[in-house]
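> Have a look at this one.
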Amino acid sequence: AQSVSQHNHHVILSEAASLELGCNYSYGGTVNLFWYVQYPGQHLQLLLKYFSGDPLVKGIKGFEAEFIKSKFSFNLRKPSVQWSDTAEYFCAVNRPGGYQKVTFGTGTKLQVIP
Amino acid sequence: DTEVTQTPKHLVMGMTNKKSLKCEQHMGHRAMYWYKQKAKKPPELMFVYSYEKLSINESVPSRFSPECPNSSLLNLHLHALQPEDSALYLCASSQVSGGEQYFGPGTRLTVT
């Protein structure tokens, strides 16, 4: 069974600081990787996804993530955060091919201070 | 249109009530999902429907009864719930071939 670990549970940054949120997954086969964001009072939205190809993927709102297969990692980055990035961030994984259960990490709460 | 809609937004029910949650999507997705999300926790999968047939049941208690009447609609029928079932219930949809799931805003359920 697959599992996802997010080691940062709560991150507090000042505006314009750089962000990196860690995500490691546990599964020996091929995986699809996702980062979802949940803004306060809003529904889960897809930030970015990796299925195959270039391991550096760019998403919405200036976010990017890098898939490092040897480290089973898919860390999320943003060079300069804004107050509006305050949200809960979930890393997620599923197996390719067909409808598949998405396994979410425990989430990282990001608080950006103006 | 990449929207998944859910009704109602909020629901309060007693332990003897019967209620239903509804989910609708018009993206042509033939896989639909129910998740449960407790406060400060990640979503947990409950059910998956593929081509209107139940494909995955994650050992969910029978007081939760899903139904997929057509390719656009997904219901979750609730009966004799417990206070610990209070949570945000999320619906999602995707292509049957896989890929990202699109989530609705959820129904916040409180069982009294």
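In the structure tokens, each chain is lettered A, B, ... as it comes, each chain's residues begin at 1, and ligands are numbered from 1 in order of appearance.
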Contacts of segment 65-82 of chain B at 10 Å or less, counting only C-alpha atoms, minus same-chain residues fewer than 4 places along, as a ChimeraX atom specification?
/B:4-7,13-34,46-54,57,60-61,86,89,91-93,110-112
> Might you pull out every residue within 8 Å of Lys9 of chain B, with only C-alpha atoms counted and same-chain residues fewer than 2 positions away left off, and present them as a list of chain:residue names?
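In the requested format, the answer is B:Gln6, B:Thr7, B:Leu11, B:Pro105, B:Gly106, B:Thr107, B:Arg108.
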> Mind dumping the selected residues with N, CA, C and O atoms as an mmCIF file, in the first residue's frame?

data_model
loop_
_atom_site.group_PDB
_atom_site.id
_atom_site.type_symbol
_atom_site.label_atom_id
_atom_site.label_comp_id
_atom_site.auth_asym_id
_atom_site.auth_seq_id
_atom_site.Cartn_x
_atom_site.Cartn_y
_atom_site.Cartn_z
ATOM 1 N N GLN B 6 -21.836 20.301 -4.742
ATOM 2 C CA GLN B 6 -22.349 19.455 -3.677
ATOM 3 C C GLN B 6 -23.434 20.208 -2.921
ATOM 4 O O GLN B 6 -23.309 21.407 -2.652
ATOM 5 N N THR B 7 -24.479 19.475 -2.590
ATOM 6 C CA THR B 7 -25.543 20.034 -1.752
ATOM 7 C C THR B 7 -25.938 19.020 -0.690
ATOM 8 O O THR B 7 -25.851 17.796 -0.930
ATOM 9 N N LEU B 11 -25.201 20.439 6.965
ATOM 10 C CA LEU B 11 -26.303 19.562 7.359
ATOM 11 C C LEU B 11 -26.135 19.190 8.825
ATOM 12 O O LEU B 11 -25.057 18.753 9.240
ATOM 13 N N PRO B 105 -16.851 21.364 -3.082
ATOM 14 C CA PRO B 105 -16.609 22.135 -1.854
ATOM 15 C C PRO B 105 -16.933 21.382 -0.573
ATOM 16 O O PRO B 105 -16.515 21.795 0.510
ATOM 17 N N GLY B 106 -17.680 20.300 -0.702
ATOM 18 C CA GLY B 106 -17.971 19.505 0.481
ATOM 19 C C GLY B 106 -19.283 19.848 1.153
ATOM 20 O O GLY B 106 -19.848 20.930 0.950
ATOM 21 N N THR B 107 -19.764 18.906 1.938
ATOM 22 C CA THR B 107 -20.902 19.111 2.825
ATOM 23 C C THR B 107 -20.393 18.935 4.253
ATOM 24 O O THR B 107 -19.830 17.891 4.584
ATOM 25 N N ARG B 108 -20.587 19.972 5.053
ATOM 26 C CA ARG B 108 -20.165 19.873 6.461
ATOM 27 C C ARG B 108 -21.314 19.283 7.253
ATOM 28 O O ARG B 108 -22.359 19.906 7.397
#
> Can you tell me, as a list in words, what residues are no more than 7 Å from segment 46-48 of chain A when counting only C-alpha atoms, ignoring any on the same chain fewer than 2 positions away?
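Counting only the stated atoms, we get Phe34, Trp35, Tyr36, Val37, Leu44, Lys58, Gly59 and Ile60 of chain A.
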> Write to file, as a PDB file, in the first residue's frame, the residues of the selection just made, with C-alpha atoms.

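For reference, out-v9.pdb as written:
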ATOM      1  CA  PHE A  34      -0.041  15.703  -6.794  1.00  0.00           C
ATOM      2  CA  TRP A  35      -0.045  18.783  -4.650  1.00  0.00           C
ATOM      3  CA  TYR A  36      -3.454  20.060  -3.600  1.00  0.00           C
ATOM      4  CA  VAL A  37      -4.180  23.287  -1.740  1.00  0.00           C
ATOM      5  CA  LEU A  44      -9.388  21.302  -2.458  1.00  0.00           C
ATOM      6  CA  LYS A  58       5.184  23.981 -12.774  1.00  0.00           C
ATOM      7  CA  GLY A  59       1.760  24.643 -11.412  1.00  0.00           C
ATOM      8  CA  ILE A  60      -0.555  27.507 -10.793  1.00  0.00           C
TER       9      ILE A  60
END
> Give the residues of chain B that lie within 6 Å of chain A; count only C-alpha atoms, and format the answer as an NGL selection string.
:B and (42 or 96-98 or 103 or 105)
> May I have the residues within 7 Å of Lys78 of chain A as a ChimeraX atom specification, using only C-alpha atoms and disregarding those fewer than 4 positions away in the same chain?
/A:18-20,62-64
> Can you tell me, as a list in words, what residues are no more than 6 Å from Gln37 of chain B when counting only C-alpha atoms, ignoring any on the same chain fewer than 3 positions away?
Pro43, Ala87 and Leu88 of chain B
> Name the residues of segment 12-110 of chain A that come out as helix (DSSP H, G or I) in a backbone DSSP run; write them as a ChimeraX atom specification.
/A:60-62,69-71,83-85
> To one decimal place, how far is atom CA of Phe67 of chain A from atom CA of Val4 of chain A in Å?
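Computing the Euclidean distance for atom CA of Phe67 of chain A and atom CA of Val4 of chain A yields 13.8 Å.
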> If you run DSSP on this backbone, which residues of chain A come out as strand (DSSP E or B), and could you give them as a count of residues only?
57
> May I ask for the distance between atom CA of Ile68 of chain A and atom CA of Asn24 of chain A, given in Å to one decimal place?
9.6 Å
> To one decimal place in Å, what is the distance between atom CA of Glu84 of chain B and atom CA of Val12 of chain B?
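Answer for the atom CA of Glu84 of chain B to atom CA of Val12 of chain B separation: 13.0 Å.
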> My list of candidates is A:Leu13, A:Leu110, A:Ala1, A:Val57. Which is closest to Thr86 of chain A when distances are computed with only C-alpha atoms?
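Using only C-alpha atoms, Thr86 of chain A sits closest to A:Leu110.
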